[in-house]
>>> print(open('final.cif').read())   # mmCIF, C-alpha atoms
data_structure
#
loop_
_atom_site.label_atom_id
_atom_site.label_comp_id
_atom_site.auth_asym_id
_atom_site.auth_seq_id
_atom_site.Cartn_x
_atom_site.Cartn_y
_atom_site.Cartn_z
CA MET T 244 6.66 21.51 2.09
CA SER T 245 5.66 19.72 -1.09
CA PRO T 246 7.31 20.36 -4.47
CA PRO T 247 5.39 22.57 -6.96
CA ASP T 248 3.78 19.54 -8.64
CA PRO T 249 4.42 16.60 -6.31
CA LEU T 250 2.57 14.04 -8.41
CA ASP T 251 4.87 14.76 -11.34
CA ARG T 252 7.44 12.47 -9.73
CA ILE T 253 5.11 9.52 -10.28
CA GLU T 254 5.10 10.13 -14.04
CA ARG T 255 8.85 10.69 -14.12
CA ALA T 256 9.31 7.30 -12.47
CA GLY T 257 7.57 5.72 -15.46
CA LEU T 258 4.05 5.07 -14.17
CA PRO T 259 1.11 5.91 -16.48
CA GLY T 260 0.14 9.56 -16.77
CA GLU T 261 -3.60 8.93 -17.00
CA SER T 262 -3.69 7.69 -13.41
CA VAL T 263 -1.69 10.71 -12.27
CA GLU T 264 -4.03 13.13 -14.05
CA ARG T 265 -7.04 11.58 -12.33
CA TRP T 266 -5.39 11.73 -8.89
CA ARG T 267 -4.33 15.31 -9.50
CA ALA T 268 -7.86 16.33 -10.48
CA GLU T 269 -9.30 14.64 -7.38
CA GLY T 270 -7.11 16.60 -4.96
CA ALA T 271 -4.76 13.79 -3.95
CA ALA T 272 -1.75 16.10 -3.53
CA ALA T 273 -3.35 17.99 -0.64
CA ARG T 274 -4.23 14.76 1.18
CA LEU T 275 -0.74 13.39 0.67
CA GLU T 276 0.87 16.59 1.94
CA ALA T 277 -1.28 16.46 5.08
CA PHE T 278 -0.37 12.80 5.62
CA PHE T 279 3.37 13.40 5.20
CA GLU T 280 3.29 16.45 7.48
CA ALA T 281 1.46 14.47 10.19
CA ARG T 282 4.01 11.68 9.87
CA ARG T 283 6.85 14.13 10.26
CA ALA T 284 5.24 15.60 13.38
CA TRP T 285 4.66 12.19 14.95
CA GLY T 286 8.14 11.11 13.88
CA GLY T 287 9.62 13.75 16.16
CA VAL T 288 8.31 11.74 19.12
CA HIS T 289 7.86 8.20 17.82
CA ASN T 290 10.09 6.15 15.56
CA LEU T 291 7.69 5.76 12.61
CA SER T 292 10.04 6.07 9.63
CA GLY T 293 13.70 6.47 8.82
CA PRO T 294 15.12 9.99 8.44
CA ARG T 295 15.43 9.68 4.69
CA ALA T 296 11.74 8.91 4.24
CA LEU T 297 10.80 11.82 6.49
CA ASP T 298 13.08 14.18 4.55
CA ASP T 299 11.82 13.13 1.11
CA PRO T 300 8.39 11.46 1.34
CA TRP T 301 7.62 12.49 -2.24
CA GLY T 302 10.20 9.98 -3.48
CA ALA T 303 10.05 6.24 -2.86
CA ASP T 304 7.14 6.33 -0.40
CA LEU T 305 4.85 8.20 -2.79
CA ILE T 306 5.88 6.27 -5.89
CA ASP T 307 5.68 2.84 -4.26
CA GLY T 308 2.15 3.62 -3.09
CA ALA T 309 1.16 4.97 -6.50
CA ALA T 310 2.43 1.79 -8.17
CA VAL T 311 0.19 -0.33 -5.92
CA ALA T 312 -2.79 1.92 -6.60
CA HIS T 313 -2.11 1.62 -10.33
CA ILE T 314 -2.11 -2.19 -10.60
CA SER T 315 -4.62 -3.14 -7.88
CA PRO T 316 -8.23 -2.42 -8.94
CA ALA T 317 -9.72 0.43 -6.93
CA ALA T 318 -13.02 -1.43 -6.48
CA ARG T 319 -11.29 -4.12 -4.42
CA PRO T 320 -10.49 -3.73 -0.71
CA LEU T 321 -6.74 -3.48 -0.11
CA ILE T 322 -5.19 -4.98 3.02
CA ASP T 323 -1.76 -3.59 3.95
CA VAL T 324 0.02 -6.04 6.24
CA GLY T 325 2.53 -4.47 8.61
CA ALA T 326 1.29 -1.01 7.64
CA GLY T 327 3.86 0.76 9.81
CA SER T 328 3.88 4.46 9.00
CA GLY T 329 1.28 4.07 6.25
CA VAL T 330 3.20 3.00 3.15
CA PRO T 331 1.79 1.83 0.87
CA GLY T 332 -1.69 1.64 2.44
CA LEU T 333 -2.32 5.24 3.48
CA VAL T 334 -0.73 6.53 0.28
CA VAL T 335 -3.21 4.42 -1.68
CA ALA T 336 -6.05 5.79 0.48
CA CYS T 337 -4.94 9.37 -0.25
CA LEU T 338 -4.96 8.61 -3.98
CA GLN T 339 -8.22 6.62 -3.88
CA PRO T 340 -10.19 7.99 -0.89
CA GLU T 341 -13.36 5.99 -1.63
CA ARG T 342 -11.49 2.69 -1.57
CA THR T 343 -11.65 0.36 1.42
CA VAL T 344 -8.10 0.13 2.79
CA ILE T 345 -7.48 -2.07 5.83
CA LEU T 346 -4.24 -1.34 7.68
CA VAL T 347 -2.96 -4.26 9.79
CA GLU T 348 -0.28 -3.31 12.29
CA PRO T 349 0.72 -4.94 15.62
CA ILE T 350 2.42 -1.96 17.31
CA ALA T 351 0.17 0.32 19.37
CA LYS T 352 1.91 3.63 18.66
CA ARG T 353 1.72 2.99 14.94
CA THR T 354 -1.95 2.04 14.97
CA ALA T 355 -2.63 5.21 16.98
CA PHE T 356 -0.86 7.23 14.30
CA LEU T 357 -2.72 5.51 11.45
CA ARG T 358 -6.10 6.09 13.09
CA SER T 359 -5.25 9.72 13.84
CA VAL T 360 -4.22 10.49 10.26
CA ALA T 361 -7.15 8.66 8.68
CA GLY T 362 -9.54 10.62 10.90
CA ARG T 363 -7.83 13.95 10.30
CA LEU T 364 -7.94 13.48 6.53
CA GLY T 365 -11.52 12.26 6.49
CA LEU T 366 -10.55 8.91 4.97
CA LYS T 367 -13.74 7.19 6.05
CA ALA T 368 -13.04 3.99 4.09
CA VAL T 369 -9.79 3.32 6.00
CA ARG T 370 -9.90 0.69 8.74
CA VAL T 371 -7.07 0.09 11.22
CA GLU T 372 -6.66 -3.36 12.74
CA ARG T 373 -4.15 -3.90 15.52
CA GLY T 374 -2.75 -7.41 15.21
CA ARG T 375 -0.49 -9.76 13.32
CA TRP T 376 -1.34 -11.35 10.02
CA PRO T 377 -3.31 -13.50 9.54
CA VAL T 378 -6.08 -11.78 11.52
CA SER T 379 -8.99 -13.98 12.50
CA GLY T 380 -12.40 -12.78 11.30
CA ILE T 381 -11.09 -9.74 9.42
CA GLY T 382 -13.17 -10.46 6.33
CA HIS T 383 -16.39 -10.77 8.31
CA ARG T 384 -15.72 -7.59 10.31
CA TYR T 385 -15.20 -5.45 7.23
CA GLY T 386 -17.56 -7.14 4.79
CA VAL T 387 -14.87 -8.54 2.49
CA PRO T 388 -16.30 -11.31 0.28
CA GLU T 389 -14.52 -14.53 -0.62
CA ARG T 390 -11.50 -13.77 -2.85
CA GLY T 391 -12.54 -10.13 -2.60
CA ALA T 392 -9.37 -8.49 -1.26
CA ASP T 393 -5.89 -7.72 -2.51
CA VAL T 394 -3.14 -8.09 0.10
CA VAL T 395 0.12 -6.13 0.05
CA SER T 396 3.15 -5.57 2.25
CA ARG T 397 6.24 -3.55 1.53
CA ALA T 398 8.65 -5.00 4.07
CA VAL T 399 7.01 -7.16 6.72
CA VAL T 400 8.98 -10.26 5.64
CA ASP T 401 11.54 -11.26 3.02
CA PRO T 402 10.07 -11.00 -0.53
CA ALA T 403 10.50 -14.75 -1.02
CA ALA T 404 8.37 -15.46 2.07
CA TRP T 405 5.67 -12.86 1.45
CA PRO T 406 3.34 -14.81 -0.92
CA ALA T 407 2.96 -17.74 1.49
CA LEU T 408 2.30 -15.36 4.40
CA ALA T 409 -0.25 -13.43 2.34
CA GLU T 410 -2.07 -16.64 1.39
CA ARG T 411 -2.49 -17.50 5.08
CA GLY T 412 -5.18 -14.83 5.17
CA GLY T 413 -7.56 -17.47 3.88
CA PRO T 414 -10.49 -17.28 1.45
CA ILE T 415 -10.72 -13.48 1.38
CA VAL T 416 -7.34 -13.28 -0.43
CA GLY T 417 -8.04 -12.95 -4.12
CA GLY T 418 -4.93 -11.01 -5.10
CA ILE T 419 -1.37 -10.89 -3.76
CA VAL T 420 0.68 -7.78 -4.52
CA ARG T 421 4.46 -8.17 -4.51
CA MET T 422 6.73 -5.12 -4.16
CA LEU T 423 10.16 -5.95 -5.50
CA ALA T 424 13.50 -4.17 -5.75
CA ALA T 425 16.72 -5.69 -7.07
CA ARG T 426 15.97 -9.12 -5.60
CA ARG T 427 13.07 -10.76 -7.42
CA PRO T 428 12.41 -14.31 -6.23
CA GLY T 429 10.04 -16.58 -8.10
CA MET T 430 6.40 -17.00 -7.15
CA ALA T 431 5.78 -20.44 -5.69
CA LEU T 432 2.01 -20.53 -5.08
CA PRO T 433 0.30 -22.83 -7.63
CA ASP T 434 -3.17 -21.41 -6.90
CA PHE T 435 -2.18 -17.93 -8.10
CA GLU T 436 -1.38 -16.72 -11.61
CA PRO T 437 0.15 -13.51 -13.00
CA GLY T 438 -2.11 -10.50 -13.31
CA ALA T 439 -0.93 -6.92 -13.74
CA ALA T 440 2.62 -5.64 -13.27
CA ALA T 441 4.45 -2.33 -13.49
CA ASP T 442 8.13 -1.42 -13.59
CA TYR T 443 9.34 1.99 -12.44
CA ASP T 444 12.56 3.86 -11.79
CA LEU T 445 13.46 5.51 -8.49
CA GLY T 446 16.69 6.97 -9.83
CA PRO T 447 19.44 6.55 -7.22
CA ASP T 448 17.29 3.97 -5.43
CA GLY T 449 17.19 1.81 -8.54
CA LEU T 450 14.53 -0.01 -10.54
CA ARG T 451 11.51 -1.46 -8.82
CA ARG T 452 8.63 -3.69 -9.84
CA VAL T 453 5.16 -4.27 -8.46
CA GLU T 454 3.18 -7.38 -9.42
CA ARG T 455 -0.39 -8.49 -8.75
CA TRP T 456 -0.99 -12.23 -8.69
CA VAL T 457 -4.61 -13.39 -8.80
CA HIS T 458 -6.28 -16.50 -7.44
CA ARG T 459 -7.00 -18.95 -10.23
CA PRO T 460 -10.74 -19.53 -10.75
CA ASP T 461 -10.16 -23.28 -11.08
CA ALA T 462 -8.12 -23.51 -7.88
CA GLY T 463 -9.55 -24.98 -4.72
#
>>> encode(input="final.cif", output="structure tokens")
Amino acid sequence: MSPPDPLDRIERAGLPGESVERWRAEGAAARLEAFFEARRAWGGVHNLSGPRALDDPWGADLIDGAAVAHISPAARPLIDVGAGSGVPGLVVACLQPERTVILVEPIAKRTAFLRSVAGRLGLKAVRVERGRWPVSGIGHRYGVPERGADVVSRAVVDPAAWPALAERGGPIVGGIVRMLAARRPGMALPDFEPGAAADYDLGPDGLRRVERWVHRPDAG
């Protein structure tokens, strides 16, 4: 069961209230509750998430997804690499249901779950791609223009290795979103420059930061 005002935790973590008010008005809480309940049900059979995430999805999972939705422009397709149980990609889709969100995941049982939830919630702009990043032809299949997509991953590789892996997606990659906890390695891609960033507080889980790096217009 969700708390009385589940989106309140996003504001208490330090993310902007105007985004939260918009998501609240657009019915995001009901979509998120349905997503988390479906994940709990599937988690009883399949190993989708750790027990802590299943017990308190309105904590780090919700807030991490909200942070990505806050700094990555809603008009841009978002590609979640190693989407797993749907964080952050499906959380973003619940907050921004009109946004194209492409979930890339190599494991069959997880892609089955992601497709099932997206269909159940009527998230028609969600696409699920079974495979490993980079995925050949993904931009053409989903109509993503050159430098048109933001790419994110919460834990598919070490944070220091993530930017180089993200860039391997090729010309569709216009923004790279980094999700950082205590360890915050430097960004070593010369063709990308700082864009938006947000810091937030998960209480016992510590401070976190999300950054969006954008492809430089003068880069090759």
>>> resolve_selection(input="final.cif", expression="the PyMOL selection byres ((chain T and resi 452-459) around 9)", output="count of residues only")
37
>>> atom_distance(input="final.cif", atom1="CA of Arg373 in chain T", atom2="CA of Ile350 in chain T")
7.1 Å
>>> residues_around(input="final.cif", residues="Glu341 in chain T", least_positions_apart="3", cutoff="9 Å", atoms="all atoms listed in the file", output="JSON, numbers by chain")
{"T": [317, 318, 336, 366, 367, 368, 369]}
>>> residues_near_point(input="final.cif", point="(-9.4, -10.2, 5.1)", cutoff="7 Å", atoms="all atoms listed in the file", output="number ranges by chain")
T: 381-382, 387, 392, 412, 415-416
>>> resolve_selection(input="final.cif", expression="the PyMOL selection byres ((chain T and resi 321-323) around 8)", output="PyMOL selection string")
chain T and resi 319-320+324-326+331-332+342-347+392-396
>>> write_last_selection(input="final.cif", atoms="C-alpha atoms", output="compact mmCIF listing (two decimals), in the frame of the given file")
# COMPACT_ATOMS: atom_id res chain seq x y z
CA ARG T 319 -11.29 -4.12 -4.42
CA PRO T 320 -10.49 -3.73 -0.71
CA VAL T 324 0.02 -6.04 6.24
CA GLY T 325 2.53 -4.47 8.61
CA ALA T 326 1.29 -1.01 7.64
CA PRO T 331 1.79 1.83 0.87
CA GLY T 332 -1.69 1.64 2.44
CA ARG T 342 -11.49 2.69 -1.57
CA THR T 343 -11.65 0.36 1.42
CA VAL T 344 -8.10 0.13 2.79
CA ILE T 345 -7.48 -2.07 5.83
CA LEU T 346 -4.24 -1.34 7.68
CA VAL T 347 -2.96 -4.26 9.79
CA ALA T 392 -9.37 -8.49 -1.26
CA ASP T 393 -5.89 -7.72 -2.51
CA VAL T 394 -3.14 -8.09 0.10
CA VAL T 395 0.12 -6.13 0.05
CA SER T 396 3.15 -5.57 2.25
>>> atom_distance(input="final.cif", atom1="CA of Ala271 in chain T", atom2="CA of Ala351 in chain T")
27.4 Å
>>> atom_distance(input="final.cif", atom1="CA of Leu445 in chain T", atom2="CA of Ala256 in chain T")
6.0 Å
>>> closest_residue(input="final.cif", among="T:Val330, T:Gly260, T:Trp376, T:Phe356", to="Gly286 in chain T", atoms="only C-alpha atoms")
T:Phe356
>>> residues_around(input="final.cif", residues="Arg274 in chain T", least_positions_apart="4", cutoff="10 Å", atoms="all atoms listed in the file", output="list in words")
Glu269, Gly270, Phe278, Phe279, Glu280, Leu333, Val334, Ala336, Cys337, Leu338, Pro340, Arg363, Leu364, Gly365 and Leu366 of chain T
>>> axis_aligned_box(input="final.cif", around="range 375-387 of chain T", padding_each_side="4 Å", output="AutoDock Vina command-line options")
--center_x -9.0 --center_y -9.7 --center_z 7.9 --size_x 25.1 --size_y 16.5 --size_z 18.8
>>> closest_residue(input="final.cif", among="T:Val399, T:Ala303, T:Leu432, T:Ala312", to="Gly449 in chain T", atoms="all atoms listed in the file")
T:Ala303
